Amino acid sequence: MSQQEEANHQTLGLLRFCVYLAVVLLIIGALLSHFAVFSSRTRDAGWQESARQLNERVQWLHGEWLMANRPAHLFISRPGQTAQGFSMNRHGWPVSPWPTGSGSGCQQLWQLLMETADTAAMVIETRADGCLFRRGTYALYYSWQNGGISLEP
């Protein structure tokens, strides 16, 4: 094999390597792009599920309040747990845990309704007529006036 043929062979080998590398990088980029989309959709679905659960539990408490003849404080007993008390407004929507412990009423309300103590990654604001629960770019607003749960951008 002459030097020219050997140089052409090495150049062709290098060219093939570059083409293979480009194809592999394109495939990896496409996979990462799809992962990012699915990851975002998973977070969206998780937050929507949190909104659904919060709404379900608030509605359930409202029904219990109606069946208990509209008390100012509603106590709920669950098997294997101590009774939990809630301060209810005059329309029958939970406003805060009762008796009030440490922390904000909205934080305690989230912890009791969602049955989790983990609120470290959340920003929880008490507003004049409800609570705003924010995690990253996602937010839920709970209104004490009508028990409504809304997703906020």
# chains A, B, ... in the order shown; residues from 1 in each chain; ligands from 1
>>> select_by_dssp(residues="range 7-134 of chain A", states="strand (DSSP E or B)", output="list of chain:residue names")
A:His73, A:Leu74, A:Phe75, A:Ile76, A:Gln84, A:Gly85, A:Phe86, A:Ser87, A:Met88, A:Pro94, A:Val95, A:Ser96, A:Pro97, A:Val123, A:Ile124, A:Glu125, A:Thr126, A:Arg127, A:Gly130, A:Cys131, A:Leu132, A:Phe133, A:Arg134
>>> select_by_dssp(residues="chain A", states="alpha helix (DSSP H)", output="MDAnalysis selection string")
chainID A and resid 3:67 105:114
>>> closest_residue(among="A:Met114, A:Val58, A:Cys106, A:Met67", to="Phe133 in chain A", atoms="only C-alpha atoms")
A:Cys106
>>> residues_around(residues="Thr100 in chain A", least_positions_apart="4", cutoff="9 Å", atoms="only C-alpha atoms", output="list in words")
Phe86, Ser87, Ser96, Ser104, Gly105 and Gln108 of chain A
>>> write_last_selection(atoms="C-alpha atoms", output="compact mmCIF listing (two decimals), in the first residue's frame")
# COMPACT_ATOMS: atom_id res chain seq x y z
CA PHE A 86 -60.24 21.99 62.45
CA SER A 87 -61.53 25.54 62.81
CA SER A 96 -56.89 26.17 60.26
CA SER A 104 -48.81 29.21 60.09
CA GLY A 105 -52.38 27.98 59.94
CA GLN A 108 -50.58 23.16 59.42
>>> residues_around(residues="range 76-78 of chain A", least_positions_apart="2", cutoff="12 Å", atoms="only C-alpha atoms", output="VMD selection string")
chain A and resid 57 60 to 65 68 73 to 74 80 to 87 97 to 98 112 to 113
>>> write_last_selection(atoms="C-alpha atoms", output="PDB file, in the first residue's frame")
ATOM      1  CA  ARG A  57     -60.261  16.314  51.463  1.00  0.00           C
ATOM      2  CA  TRP A  60     -65.022  15.690  52.662  1.00  0.00           C
ATOM      3  CA  LEU A  61     -64.472  17.962  55.691  1.00  0.00           C
ATOM      4  CA  HIS A  62     -67.265  20.224  54.475  1.00  0.00           C
ATOM      5  CA  GLY A  63     -69.603  17.232  54.305  1.00  0.00           C
ATOM      6  CA  GLU A  64     -68.590  16.145  57.806  1.00  0.00           C
ATOM      7  CA  TRP A  65     -69.219  19.698  59.034  1.00  0.00           C
ATOM      8  CA  ALA A  68     -72.198  17.471  62.530  1.00  0.00           C
ATOM      9  CA  HIS A  73     -64.646  23.358  65.449  1.00  0.00           C
ATOM     10  CA  LEU A  74     -64.817  19.967  63.780  1.00  0.00           C
ATOM     11  CA  GLY A  80     -55.108   4.382  64.752  1.00  0.00           C
ATOM     12  CA  GLN A  81     -54.680   8.163  64.961  1.00  0.00           C
ATOM     13  CA  THR A  82     -55.494  10.841  67.488  1.00  0.00           C
ATOM     14  CA  ALA A  83     -58.477  13.072  66.755  1.00  0.00           C
ATOM     15  CA  GLN A  84     -57.698  16.078  64.597  1.00  0.00           C
ATOM     16  CA  GLY A  85     -59.487  19.366  65.079  1.00  0.00           C
ATOM     17  CA  PHE A  86     -60.242  21.990  62.452  1.00  0.00           C
ATOM     18  CA  SER A  87     -61.528  25.540  62.809  1.00  0.00           C
ATOM     19  CA  PRO A  97     -56.170  23.270  62.569  1.00  0.00           C
ATOM     20  CA  TRP A  98     -57.651  23.532  66.034  1.00  0.00           C
ATOM     21  CA  LEU A 112     -53.096  17.710  58.105  1.00  0.00           C
ATOM     22  CA  LEU A 113     -55.106  17.588  54.894  1.00  0.00           C
TER      23      LEU A 113
END
>>> closest_residue(among="A:Gly29, A:Gly92, A:Gly13, A:Gly46", to="Tyr138 in chain A", atoms="only C-alpha atoms")
A:Gly46
>>> atom_distance(atom1="CA of Leu66 in chain A", atom2="CA of His91 in chain A")
9.7 Å
